[in-house]
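Novice: Pasting input.cif here (mmCIF, C-alpha atoms):
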data_run
#
loop_
_atom_site.label_atom_id
_atom_site.label_comp_id
_atom_site.auth_asym_id
_atom_site.auth_seq_id
_atom_site.Cartn_x
_atom_site.Cartn_y
_atom_site.Cartn_z
CA MET A 1 -53.80 -55.20 18.75
CA LYS A 2 -51.35 -52.47 17.62
CA ILE A 3 -50.09 -54.74 14.85
CA GLN A 4 -53.67 -55.40 13.71
CA LYS A 5 -54.42 -51.64 13.52
CA ASN A 6 -51.35 -51.02 11.34
CA ILE A 7 -52.39 -53.85 9.03
CA ASN A 8 -55.86 -52.29 8.69
CA LYS A 9 -54.27 -48.93 7.79
CA ALA A 10 -52.04 -50.43 5.06
CA PRO A 11 -54.68 -50.40 2.26
CA LEU A 12 -55.53 -46.76 3.06
CA LEU A 13 -51.85 -45.71 2.93
CA LEU A 14 -51.39 -47.61 -0.31
CA PHE A 15 -54.45 -45.89 -1.78
CA ILE A 16 -53.14 -42.43 -0.75
CA LEU A 17 -49.75 -43.24 -2.27
CA ILE A 18 -51.30 -44.32 -5.58
CA VAL A 19 -53.44 -41.17 -5.72
CA ALA A 20 -50.35 -38.99 -5.04
CA ILE A 21 -48.40 -40.70 -7.82
CA CYS A 22 -51.30 -40.24 -10.25
CA ILE A 23 -51.56 -36.52 -9.40
CA PHE A 24 -47.79 -36.11 -9.84
CA ILE A 25 -47.87 -37.83 -13.26
CA PHE A 26 -50.89 -35.74 -14.33
CA ILE A 27 -49.24 -32.45 -13.34
CA ASN A 28 -45.99 -33.30 -15.08
CA THR A 29 -47.77 -34.55 -18.20
CA LYS A 30 -49.80 -31.37 -18.33
CA SER A 31 -46.68 -29.28 -17.77
CA GLU A 32 -44.88 -31.12 -20.58
CA LYS A 33 -47.85 -30.59 -22.90
CA ASN A 34 -47.85 -26.90 -22.00
CA ARG A 35 -44.15 -26.67 -22.79
CA GLU A 36 -44.71 -28.41 -26.12
CA PHE A 37 -47.64 -26.11 -26.87
CA ASN A 38 -45.62 -23.00 -25.95
CA ASN A 39 -42.75 -24.14 -28.15
CA MET A 40 -45.16 -24.77 -31.02
CA VAL A 41 -46.72 -21.32 -30.58
CA GLU A 42 -43.25 -19.74 -30.52
CA GLU A 43 -42.19 -21.52 -33.72
CA THR A 44 -45.46 -20.48 -35.42
CA MET A 45 -44.95 -16.86 -34.37
CA ILE A 46 -41.45 -16.88 -35.83
CA GLU A 47 -42.58 -18.37 -39.14
CA ASN A 48 -45.53 -15.97 -39.33
CA ILE A 49 -43.49 -12.79 -39.02
CA SER A 50 -44.75 -11.06 -42.12
CA LYS A 51 -42.63 -10.90 -45.25
CA ALA A 52 -43.51 -7.21 -45.42
CA ASP A 53 -41.50 -6.71 -42.22
CA THR A 54 -38.56 -8.81 -43.39
CA LEU A 55 -38.35 -6.89 -46.66
CA LYS A 56 -38.93 -3.41 -45.24
CA THR A 57 -35.29 -2.42 -45.77
CA MET A 58 -35.30 -3.34 -49.47
CA LYS A 59 -35.34 0.14 -51.02
CA THR A 60 -33.24 1.38 -53.90
CA VAL A 61 -31.13 4.22 -52.55
CA GLU A 62 -28.03 6.10 -53.59
CA THR A 63 -25.06 6.62 -51.31
CA SER A 64 -23.67 10.13 -51.49
CA GLU A 65 -20.05 10.78 -52.48
CA GLU A 66 -19.34 12.07 -48.96
CA GLN A 67 -19.98 8.60 -47.59
CA ILE A 68 -17.32 6.99 -49.79
CA SER A 69 -13.84 7.46 -48.34
CA THR A 70 -11.91 5.26 -50.86
CA LYS A 71 -9.11 4.52 -48.38
CA ILE A 72 -9.66 0.85 -47.59
CA GLY A 73 -6.93 -0.40 -49.89
CA GLU A 74 -4.35 1.91 -48.33
CA GLN A 75 -4.62 0.27 -44.91
CA ARG A 76 -2.19 -2.43 -43.88
CA LEU A 77 -4.00 -5.72 -43.36
CA MET A 78 -2.60 -8.87 -41.74
CA VAL A 79 -4.46 -12.01 -42.82
CA ASN A 80 -4.51 -15.77 -42.35
CA SER A 81 -4.16 -17.24 -45.85
CA TYR A 82 -4.65 -20.78 -47.14
CA TYR A 83 -3.03 -22.01 -50.34
CA GLY A 84 -3.45 -25.32 -52.12
CA VAL A 85 -6.37 -27.42 -53.30
CA TYR A 86 -9.79 -27.20 -51.67
CA ASP A 87 -10.92 -30.72 -50.76
CA ILE A 88 -13.96 -30.91 -48.49
CA ALA A 89 -14.09 -34.72 -48.50
CA ASN A 90 -11.22 -35.07 -46.05
CA GLU A 91 -12.40 -32.89 -43.19
CA GLU A 92 -15.10 -32.65 -40.55
CA ASN A 93 -18.00 -30.38 -41.45
CA ARG A 94 -17.63 -28.27 -38.35
CA PHE A 95 -14.07 -27.24 -39.25
CA PRO A 96 -14.41 -26.13 -42.89
CA LEU A 97 -11.60 -23.62 -42.49
CA MET A 98 -9.10 -26.40 -41.78
CA ARG A 99 -9.46 -28.20 -45.09
CA LEU A 100 -6.41 -26.50 -46.56
CA GLY A 101 -3.97 -27.21 -43.76
CA ASN A 102 -2.28 -24.57 -41.65
CA PRO A 103 -2.69 -20.86 -42.49
CA ILE A 104 0.11 -18.53 -43.51
CA LYS A 105 0.17 -15.12 -41.84
CA GLU A 106 0.89 -12.46 -44.42
CA ASN A 107 0.12 -8.90 -45.45
CA TRP A 108 -2.78 -8.68 -47.88
CA VAL A 109 -1.79 -7.22 -51.26
CA SER A 110 -4.41 -5.30 -53.23
CA VAL A 111 -4.81 -5.61 -56.99
CA LYS A 112 -5.82 -3.53 -60.01
CA PRO A 113 -8.42 -4.75 -62.53
CA LYS A 114 -7.39 -5.18 -66.18
CA LYS A 115 -10.92 -4.22 -67.25
CA LYS A 116 -13.92 -2.52 -65.71
CA TYR A 117 -15.62 -5.67 -64.49
CA GLN A 118 -19.25 -5.94 -63.39
CA ILE A 119 -19.62 -7.90 -60.17
CA SER A 120 -22.89 -8.88 -58.47
CA VAL A 121 -23.11 -9.35 -54.71
CA LEU A 122 -25.75 -11.36 -52.80
CA LEU A 123 -26.20 -10.61 -49.08
CA PRO A 124 -28.83 -11.99 -46.64
CA HIS A 125 -30.52 -8.81 -45.35
CA PHE A 126 -29.95 -5.43 -43.65
CA GLU A 127 -31.96 -5.94 -40.45
CA ASP A 128 -28.83 -7.35 -38.86
CA LYS A 129 -26.68 -4.24 -39.23
CA TYR A 130 -23.65 -6.43 -39.74
CA TRP A 131 -24.69 -6.56 -43.40
CA ILE A 132 -24.94 -2.78 -43.68
CA THR A 133 -21.25 -2.73 -42.78
CA ALA A 134 -20.65 -5.35 -45.48
CA ASN A 135 -22.59 -3.18 -47.92
CA TYR A 136 -20.35 -0.23 -47.08
CA GLY A 137 -17.20 -2.32 -47.49
CA ILE A 138 -18.28 -3.60 -50.91
CA ILE A 139 -19.53 -0.26 -52.29
CA ASN A 140 -16.62 1.73 -50.89
CA TYR A 141 -13.86 -0.59 -52.09
CA ALA A 142 -15.51 -1.25 -55.48
CA LYS A 143 -15.34 2.48 -56.17
CA GLU A 144 -11.73 2.50 -55.07
CA LEU A 145 -10.88 -0.43 -57.37
CA GLY A 146 -12.81 0.93 -60.32
CA VAL A 147 -15.21 -2.00 -60.77
CA LYS A 148 -18.99 -1.88 -61.14
CA VAL A 149 -21.06 -3.58 -58.43
CA LYS A 150 -24.75 -4.49 -58.16
CA LEU A 151 -25.85 -5.62 -54.72
CA TYR A 152 -28.95 -7.56 -53.68
CA THR A 153 -30.52 -8.95 -50.47
CA VAL A 154 -33.42 -11.33 -49.78
CA GLY A 155 -34.76 -10.20 -46.40
CA GLY A 156 -33.62 -12.93 -44.01
CA TYR A 157 -32.25 -16.44 -43.53
CA ILE A 158 -35.69 -17.97 -44.12
CA GLU A 159 -35.60 -16.76 -47.75
CA PHE A 160 -33.47 -19.62 -49.09
CA GLY A 161 -35.66 -20.12 -52.18
CA ASN A 162 -35.40 -16.45 -53.15
CA GLN A 163 -31.63 -16.42 -52.81
CA LYS A 164 -31.40 -19.54 -54.96
CA GLU A 165 -33.47 -17.78 -57.63
CA GLN A 166 -31.23 -14.70 -57.40
CA LEU A 167 -28.12 -16.82 -57.82
CA GLN A 168 -29.54 -18.66 -60.83
CA ALA A 169 -30.67 -15.40 -62.45
CA LEU A 170 -27.21 -13.86 -62.10
CA ALA A 171 -25.67 -17.03 -63.55
CA LYS A 172 -27.66 -16.44 -66.76
CA ASP A 173 -26.88 -12.70 -66.95
CA ASN A 174 -24.16 -12.23 -69.55
CA LYS A 175 -23.36 -8.77 -68.19
CA VAL A 176 -22.26 -10.25 -64.86
CA ASP A 177 -18.57 -11.23 -64.81
CA GLY A 178 -18.57 -12.76 -61.33
CA ILE A 179 -20.63 -13.23 -58.17
CA ILE A 180 -19.70 -12.53 -54.55
CA PHE A 181 -21.97 -14.68 -52.43
CA ALA A 182 -22.93 -14.64 -48.74
CA ALA A 183 -24.92 -17.88 -48.68
CA LEU A 184 -27.92 -18.42 -46.42
CA ASP A 185 -27.12 -22.13 -46.10
CA SER A 186 -23.76 -23.91 -46.00
CA THR A 187 -24.74 -27.07 -47.91
CA LYS A 188 -27.71 -26.39 -50.23
CA PHE A 189 -25.97 -24.46 -53.00
CA ASP A 190 -23.36 -27.04 -54.02
CA SER A 191 -24.90 -27.94 -57.40
CA ASP A 192 -25.72 -24.30 -58.23
CA ILE A 193 -22.15 -23.20 -57.55
CA ALA A 194 -20.79 -26.11 -59.61
CA ASP A 195 -22.98 -25.19 -62.62
CA ILE A 196 -22.03 -21.51 -62.44
CA VAL A 197 -18.27 -22.06 -62.05
CA ASN A 198 -18.27 -24.74 -64.77
CA SER A 199 -19.77 -22.09 -67.08
CA GLU A 200 -16.62 -20.03 -66.37
CA LYS A 201 -18.28 -17.48 -64.10
CA PRO A 202 -16.39 -17.31 -60.76
CA VAL A 203 -18.17 -17.32 -57.39
CA VAL A 204 -16.33 -16.00 -54.31
CA GLU A 205 -17.82 -16.79 -50.91
CA LEU A 206 -18.04 -13.87 -48.45
CA VAL A 207 -18.34 -14.13 -44.62
CA ASN A 208 -20.73 -17.13 -44.48
CA ASP A 209 -18.76 -20.32 -45.09
CA ILE A 210 -20.04 -22.85 -47.61
CA ASN A 211 -19.15 -26.43 -48.53
CA ALA A 212 -19.49 -26.12 -52.35
CA PRO A 213 -16.54 -28.13 -53.73
CA LYS A 214 -16.46 -25.92 -56.84
CA ILE A 215 -16.43 -22.53 -55.08
CA SER A 216 -13.78 -20.31 -56.69
CA ALA A 217 -12.37 -18.73 -53.50
CA LYS A 218 -13.38 -17.71 -49.98
CA SER A 219 -13.06 -14.47 -48.04
CA ILE A 220 -14.00 -15.71 -44.58
CA VAL A 221 -12.70 -16.09 -41.05
CA SER A 222 -13.14 -19.13 -38.84
CA TYR A 223 -16.39 -18.77 -36.94
CA TYR A 224 -15.14 -21.63 -34.80
CA GLU A 225 -12.38 -19.22 -33.73
CA MET A 226 -14.91 -16.40 -33.30
CA GLY A 227 -16.82 -18.59 -30.85
CA TYR A 228 -13.61 -19.75 -29.19
CA LYS A 229 -12.55 -16.18 -28.47
CA ALA A 230 -15.97 -15.40 -26.99
CA GLY A 231 -15.49 -18.44 -24.76
CA GLU A 232 -12.09 -17.16 -23.67
CA SER A 233 -13.73 -13.92 -22.54
CA VAL A 234 -16.36 -15.73 -20.50
CA VAL A 235 -13.85 -18.05 -18.79
CA GLU A 236 -11.56 -15.14 -17.93
CA ASP A 237 -14.42 -13.05 -16.57
CA SER A 238 -15.90 -15.92 -14.55
CA ALA A 239 -12.72 -16.08 -12.41
CA GLY A 240 -13.19 -19.77 -11.66
CA LYS A 241 -16.78 -19.52 -10.38
CA ASP A 242 -19.48 -22.02 -11.36
CA ILE A 243 -21.63 -20.44 -14.06
CA LYS A 244 -24.67 -21.08 -16.25
CA ILE A 245 -24.75 -19.84 -19.88
CA ALA A 246 -27.57 -19.30 -22.40
CA PHE A 247 -26.34 -19.48 -26.01
CA PHE A 248 -28.02 -17.96 -29.11
CA PRO A 249 -25.80 -18.85 -32.11
CA GLY A 250 -27.93 -17.66 -35.08
CA PRO A 251 -29.46 -19.68 -37.95
CA GLU A 252 -28.75 -23.40 -37.65
CA GLY A 253 -28.38 -24.07 -41.39
CA SER A 254 -25.94 -21.21 -41.91
CA GLY A 255 -22.85 -23.24 -40.99
CA TRP A 256 -21.24 -20.33 -39.19
CA ALA A 257 -23.71 -20.48 -36.28
CA PRO A 258 -23.03 -24.13 -35.35
CA ASN A 259 -19.29 -23.50 -35.85
CA THR A 260 -19.50 -20.59 -33.41
CA PHE A 261 -21.23 -22.77 -30.84
CA ASN A 262 -18.65 -25.56 -31.26
CA GLY A 263 -15.76 -23.13 -30.86
CA PHE A 264 -17.34 -21.64 -27.74
CA LYS A 265 -17.92 -25.06 -26.16
CA ASP A 266 -14.34 -26.14 -26.86
CA ALA A 267 -12.93 -22.96 -25.32
CA ILE A 268 -15.01 -23.50 -22.18
CA SER A 269 -13.95 -27.14 -21.94
CA LYS A 270 -10.23 -26.44 -22.42
CA LEU A 271 -9.84 -23.21 -20.44
CA LYS A 272 -12.08 -23.55 -17.38
CA ASN A 273 -10.60 -24.37 -13.99
CA GLU A 274 -10.35 -28.05 -13.16
CA ASN A 275 -13.08 -27.98 -10.50
CA GLN A 276 -15.18 -25.26 -12.14
CA LYS A 277 -18.70 -26.27 -13.23
CA ILE A 278 -19.94 -24.51 -16.37
CA ASN A 279 -23.37 -25.35 -17.75
CA ILE A 280 -24.08 -24.30 -21.36
CA SER A 281 -27.66 -24.46 -22.65
CA ASN A 282 -28.58 -26.28 -25.81
CA PRO A 283 -28.23 -23.71 -28.60
CA PHE A 284 -31.28 -21.51 -29.19
CA TYR A 285 -31.02 -21.28 -32.97
CA GLY A 286 -32.90 -18.65 -34.99
CA ASP A 287 -32.78 -16.23 -37.91
CA THR A 288 -30.78 -13.06 -37.26
CA ARG A 289 -33.75 -10.77 -37.83
CA PRO A 290 -34.19 -8.78 -34.59
CA GLU A 291 -37.83 -9.77 -34.12
CA VAL A 292 -36.94 -13.48 -34.26
CA GLN A 293 -34.07 -13.12 -31.78
CA ARG A 294 -36.25 -10.98 -29.50
CA LEU A 295 -38.84 -13.76 -29.38
CA ARG A 296 -36.13 -16.34 -28.62
CA VAL A 297 -34.44 -14.26 -25.91
CA VAL A 298 -37.62 -13.18 -24.13
CA SER A 299 -38.98 -16.73 -24.16
CA VAL A 300 -35.81 -18.11 -22.58
CA LEU A 301 -35.22 -15.38 -19.99
CA GLU A 302 -38.85 -15.27 -18.84
CA LYS A 303 -38.58 -18.97 -17.98
CA ASN A 304 -35.06 -18.80 -16.48
CA ASN A 305 -33.54 -15.75 -14.84
CA ASP A 306 -30.65 -17.61 -13.22
CA TYR A 307 -28.24 -17.45 -16.17
CA ASP A 308 -24.88 -15.84 -15.42
CA TYR A 309 -24.02 -15.16 -19.07
CA LEU A 310 -25.99 -14.70 -22.26
CA VAL A 311 -23.80 -15.30 -25.33
CA GLY A 312 -24.83 -15.11 -28.95
CA CYS A 313 -25.07 -13.46 -32.34
CA ALA A 314 -25.26 -9.67 -32.43
CA PRO A 315 -29.08 -9.32 -32.83
CA ALA A 316 -29.63 -11.69 -29.87
CA VAL A 317 -27.21 -9.67 -27.77
CA ILE A 318 -28.87 -6.36 -28.71
CA GLU A 319 -32.37 -7.66 -27.96
CA ALA A 320 -31.18 -9.24 -24.70
CA GLU A 321 -29.68 -5.94 -23.55
CA LYS A 322 -32.99 -4.19 -24.21
CA PHE A 323 -35.03 -6.84 -22.40
CA ILE A 324 -32.71 -7.02 -19.39
CA ALA A 325 -32.92 -3.21 -19.07
CA THR A 326 -36.68 -3.54 -18.44
CA ASP A 327 -36.02 -5.32 -15.12
CA LYS A 328 -32.43 -4.70 -14.05
CA GLU A 329 -32.99 -6.06 -10.56
CA LYS A 330 -34.33 -9.39 -11.80
CA PHE A 331 -31.49 -9.86 -14.29
CA LYS A 332 -28.75 -8.07 -12.40
CA ASN A 333 -26.38 -11.05 -12.50
CA ILE A 334 -26.48 -11.67 -16.27
CA LYS A 335 -23.49 -10.56 -18.34
CA ILE A 336 -23.62 -10.41 -22.15
CA VAL A 337 -21.00 -11.47 -24.72
CA SER A 338 -21.38 -11.24 -28.50
CA THR A 339 -19.88 -13.69 -30.99
CA TYR A 340 -19.54 -10.98 -33.65
CA ILE A 341 -19.62 -7.22 -33.64
CA THR A 342 -21.90 -4.62 -35.21
CA ASN A 343 -22.04 -0.88 -34.67
CA GLU A 344 -24.80 -1.36 -32.07
CA VAL A 345 -22.76 -3.96 -30.16
CA TYR A 346 -19.78 -1.58 -30.28
CA ASP A 347 -21.92 1.14 -28.65
CA LEU A 348 -23.13 -1.29 -25.96
CA ILE A 349 -19.53 -2.27 -25.14
CA GLN A 350 -18.71 1.42 -24.71
CA LYS A 351 -21.83 1.80 -22.57
CA GLY A 352 -20.71 -1.13 -20.41
CA THR A 353 -23.81 -3.30 -20.87
CA VAL A 354 -22.05 -5.79 -23.15
CA LEU A 355 -18.86 -7.36 -21.85
CA ALA A 356 -17.01 -8.16 -25.10
CA SER A 357 -17.29 -9.24 -28.72
CA SER A 358 -15.21 -11.03 -31.31
CA SER A 359 -14.66 -9.11 -34.56
CA ASP A 360 -14.11 -10.52 -38.04
CA GLN A 361 -13.28 -7.04 -39.42
CA THR A 362 -16.14 -7.11 -41.95
CA ILE A 363 -15.00 -4.24 -44.17
CA GLU A 364 -11.65 -5.94 -44.66
CA GLU A 365 -13.36 -9.22 -45.57
CA CYS A 366 -15.21 -7.33 -48.31
CA ARG A 367 -11.93 -5.88 -49.54
CA ILE A 368 -10.42 -9.39 -49.73
CA ALA A 369 -13.47 -10.77 -51.59
CA LEU A 370 -13.34 -8.04 -54.24
CA ASP A 371 -9.58 -8.44 -54.67
CA MET A 372 -10.02 -12.20 -55.06
CA MET A 373 -12.70 -11.71 -57.71
CA VAL A 374 -10.57 -9.20 -59.64
CA ARG A 375 -7.56 -11.53 -59.52
CA ILE A 376 -9.63 -14.41 -60.92
CA LEU A 377 -11.07 -12.21 -63.69
CA ASN A 378 -7.52 -10.99 -64.42
CA GLY A 379 -6.55 -14.61 -65.06
CA GLU A 380 -4.82 -15.55 -61.78
CA LYS A 381 -5.33 -18.97 -60.14
CA PRO A 382 -6.77 -19.28 -56.59
CA GLY A 383 -4.60 -21.33 -54.26
CA ILE A 384 -1.53 -20.76 -56.47
CA ASP A 385 -1.18 -17.10 -57.47
CA PHE A 386 -3.11 -15.88 -54.42
CA PRO A 387 -4.76 -17.60 -51.43
CA PHE A 388 -7.77 -19.80 -52.12
CA GLN A 389 -9.04 -18.68 -48.72
CA SER A 390 -8.10 -15.71 -46.59
CA GLY A 391 -9.49 -13.65 -43.74
CA PRO A 392 -8.38 -10.97 -41.26
CA GLU A 393 -7.05 -11.80 -37.83
CA ILE A 394 -9.78 -11.88 -35.15
CA PRO A 395 -9.50 -9.47 -32.22
CA ILE A 396 -11.70 -9.60 -29.13
CA ILE A 397 -13.06 -6.13 -28.34
CA SER A 398 -13.94 -5.12 -24.78
CA LYS A 399 -14.25 -1.88 -22.83
CA ASN A 400 -10.58 -2.25 -21.90
CA ASN A 401 -9.32 -1.99 -25.49
CA ILE A 402 -12.18 -0.48 -27.49
CA LEU A 403 -10.35 2.82 -28.01
CA GLN A 404 -7.82 0.91 -30.11
CA PHE A 405 -10.55 0.21 -32.69
CA LYS A 406 -11.82 3.28 -34.51
CA TYR A 407 -15.56 3.15 -35.22
CA GLU A 408 -15.23 4.18 -38.88
CA ASP A 409 -12.55 1.53 -39.53
CA LEU A 410 -14.89 -1.18 -38.27
CA PHE A 411 -18.23 0.02 -39.66
CA GLY A 412 -17.82 3.04 -41.94
CA PRO A 413 -19.53 6.43 -41.39
CA LYS A 414 -22.35 6.56 -38.84
CA ASP A 415 -24.70 8.16 -41.38
CA TYR A 416 -24.02 5.60 -44.12
CA VAL A 417 -27.06 4.70 -46.24
CA PRO A 418 -26.83 1.23 -47.85
CA VAL A 419 -27.02 0.81 -51.62
CA LEU A 420 -29.38 -1.85 -52.94
CA ASN A 421 -30.53 -2.92 -56.40
CA HIS A 422 -33.83 -4.66 -57.12
CA MET A 423 -33.98 -7.93 -59.04
CA ASN A 424 -37.19 -8.73 -60.96
#
How would this structure read if it were set down as structure tokens?
Specialist:
Amino acid sequence: MKIQKNINKAPLLLFILIVAICIFIFINTKSEKNREFNNMVEETMIENISKADTLKTMKTVETSEEQISTKIGEQRLMVNSYYGVYDIANEENRFPLMRLGNPIKENWVSVKPKKKYQISVLLPHFEDKYWITANYGIINYAKELGVKVKLYTVGGYIEFGNQKEQLQALAKDNKVDGIIFAALDSTKFDSDIADIVNSEKPVVELVNDINAPKISAKSIVSYYEMGYKAGESVVEDSAGKDIKIAFFPGPEGSGWAPNTFNGFKDAISKLKNENQKINISNPFYGDTRPEVQRLRVVSVLEKNNDYDYLVGCAPAVIEAEKFIATDKEKFKNIKIVSTYITNEVYDLIQKGTVLASSSDQTIEECRIALDMMVRILNGEKPGIDFPFQSGPEIPIISKNNILQFKYEDLFGPKDYVPVLNHMN
């Protein structure tokens, strides 16, 4: 009789099981659709950030004489230099700095122009204050050298078409002797650069690496190394504990952002303890405009508050610090590391809310770029008479050593107002 009762119950149990499975599938399907919808909404919000906001910093202003110190060229600068022929066909895309073999450590030697050249400079935007520092480095050192500079921005990394138009317009301007270029994308300007250089107008890449087989010279550091050094800081600070990391590299098409992420991952893999478990999120890519990074950071941290470290580009770090401050108890275990430094990140390191940051010494990169351009216009050959590629050594700045790095040497005066020209 007991066996018969159990047999009679079997269809009922099977029915309950089927219903439970159906409910589980429904809930998960709905949850997945919600996630997809939320992601779509987030992407739409990012793309719909008004152009008026992205261009709000584009005003023609004049920097006062008091803001120009004209002392950059007097400072001793140790660099990693690459000589030889630039051949991108033989190397992996994620290691563009390695295409010329091993670097030579040397003191950078400044140069004097044979004529008063006119040089145009294209930068991404000023909302990431990194580029205000670059503006200062260019304007300050151009005055020191005695060359004329016109500087332009486009308002953000989404403005690829506008930067392409700027580049093509400068190529046709007979008054422009050469172009210093901080490209928005690492691969989409190859043909433009080739046409310009073939017309005997040099193009020197600044900060943002670029493939461009015909590029005249490069003043850049390895963003792979920038990411690697950030990874070193995290591993050292973690002291062998299992950790979870959220990573915000910057714009995916920029080249430097994926390189940063790759360098960081390799540092974690090589330096962590043998039994230590470190989980790194998929990269949360995005333009370096603060409002875009804020949307990225808030979206991620609202869904997951169990990250031990948040690592990323300077605007992501700055926005994360602000958001975490709104609920310190909820996010009390998150530490922040930046992959490059701006004046705001510097202040947050001093404050103690950011653990550390790599530094590419932006002002010195601008000095190198202008010297390279002057050398080319003077008739010297890149890779032979001077390095085809060169960049400053990369320090990691933390609260322990920040007093060794003077604010003005890294960023210029605190009251500096950027200079910008308009292009019709």
Novice: (-8.6, -9.2, -40.5) in this file's frame - what residues fall within 6 Å of it? Use all atoms listed in the file and give the answer as a PDB file with C-alpha atoms, in the frame of the given file.
Specialist:
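Listed below is the output, part28.pdb:
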ATOM      1  CA  VAL A  79      -4.460 -12.010 -42.820  1.00  0.00           C
ATOM      2  CA  GLN A 361     -13.280  -7.040 -39.420  1.00  0.00           C
ATOM      3  CA  GLY A 391      -9.490 -13.650 -43.740  1.00  0.00           C
ATOM      4  CA  PRO A 392      -8.380 -10.970 -41.260  1.00  0.00           C
ATOM      5  CA  GLU A 393      -7.050 -11.800 -37.830  1.00  0.00           C
TER       6      GLU A 393
END
Novice: Here's the selection I'm unsure about, the PyMOL selection byres ((chain A and resi 167) around 9); applied to the file above, which residues does it give, as a CSV table (one decimal) with C-alpha atoms, in the coordinates of the input?
Specialist:
chain,number,residue,atom,x,y,z
A,122,LEU,CA,-25.8,-11.4,-52.8
A,162,ASN,CA,-35.4,-16.4,-53.2
A,163,GLN,CA,-31.6,-16.4,-52.8
A,164,LYS,CA,-31.4,-19.5,-55.0
A,165,GLU,CA,-33.5,-17.8,-57.6
A,166,GLN,CA,-31.2,-14.7,-57.4
A,168,GLN,CA,-29.5,-18.7,-60.8
A,169,ALA,CA,-30.7,-15.4,-62.4
A,170,LEU,CA,-27.2,-13.9,-62.1
A,171,ALA,CA,-25.7,-17.0,-63.6
A,172,LYS,CA,-27.7,-16.4,-66.8
A,179,ILE,CA,-20.6,-13.2,-58.2
A,181,PHE,CA,-22.0,-14.7,-52.4
A,192,ASP,CA,-25.7,-24.3,-58.2
A,193,ILE,CA,-22.2,-23.2,-57.6
A,196,ILE,CA,-22.0,-21.5,-62.4
Novice: Report, in Å to a single decimal, how far apart atom CA of A:Asp128 and atom CA of A:Glu344 are.
Specialist: 9.9 Å
Novice: With a distance cut-off of 8 Å and all atoms listed in the file, select the neighbouring residues of A:Pro395, excluding the residue or stretch itself and same-chain residues fewer than 5 positions from it, and output the selection as a ChimeraX atom specification.
Specialist: /A:358-360
Novice: Do you know which residues are at most 9 Å from A:Ala369 counting only C-alpha atoms, after dropping those on the same chain fewer than 3 positions away, and could you put them as a ChimeraX atom specification?
Specialist: /A:138,180,204-206,217-220,364-366,372-374,390
Novice: Spell out the residues picked by the PyMOL selection byres ((chain A and resi 83) around 6) here, as number ranges by chain.
Specialist: A: 82, 84, 383, 387-388
Novice: Please evaluate the PyMOL selection byres ((chain A and resi 250-253) around 10) against the displayed coordinates and give the resulting residues as a PyMOL selection string.
Specialist: chain A and resi 156-158+184-188+247-249+254-261+283-289+292-293+312-316+339
Novice: Just to confirm, what's the straight-line distance from atom CA of A:Pro202 to atom CA of A:Glu74 in Å (one decimal)?
Specialist: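 If I compute the distance from atom CA of A:Pro202 to atom CA of A:Glu74, I get 25.9 Å.
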Novice: Go ahead and compute the interatomic distance for atom CA of A:Ser281 and atom CA of A:Asp347, in Å to one decimal.
Specialist: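 Between these atoms lies a distance of 26.9 Å.
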Novice: Nearest to A:Thr342 among A:Asp415, A:Asp173, A:Glu127, A:Asp190, with distances taken over all atoms listed in the file: which residue is it?
Specialist: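 Closest to A:Thr342, using all atoms listed in the file: A:Glu127.
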Novice: Could you tell me which of A:Leu271, A:Ala183, A:Met226, A:Val417 comes closest to A:Val337 if we count all atoms listed in the file?
Specialist: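 The shortest atom-to-atom distance to A:Val337 comes from A:Met226.
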Novice: Pick out the closest residue to A:Phe386 from this set: A:Ile336, A:Val176, A:Ile132, A:Ile368. Count only C-alpha atoms.
Specialist: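 Checking each of A:Ile336, A:Val176, A:Ile132, A:Ile368 against A:Phe386, counting only C-alpha atoms, the winner is A:Ile368.
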Novice: So, counting only C-alpha atoms, which residue among A:Ile376, A:Ile363, A:Val207, A:Val298 is closest to A:Glu408?
Specialist: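 Residue with the minimum atom-to-atom distance to A:Glu408: A:Ile363.
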Novice: Tell me, as a PyMOL selection string, which residues lie within 10 Å of A:Phe323, counting all atoms listed in the file; anything in the same chain fewer than 2 positions away does not count.
Specialist: chain A and resi 294+297-298+301-302+317-321+325-328+331
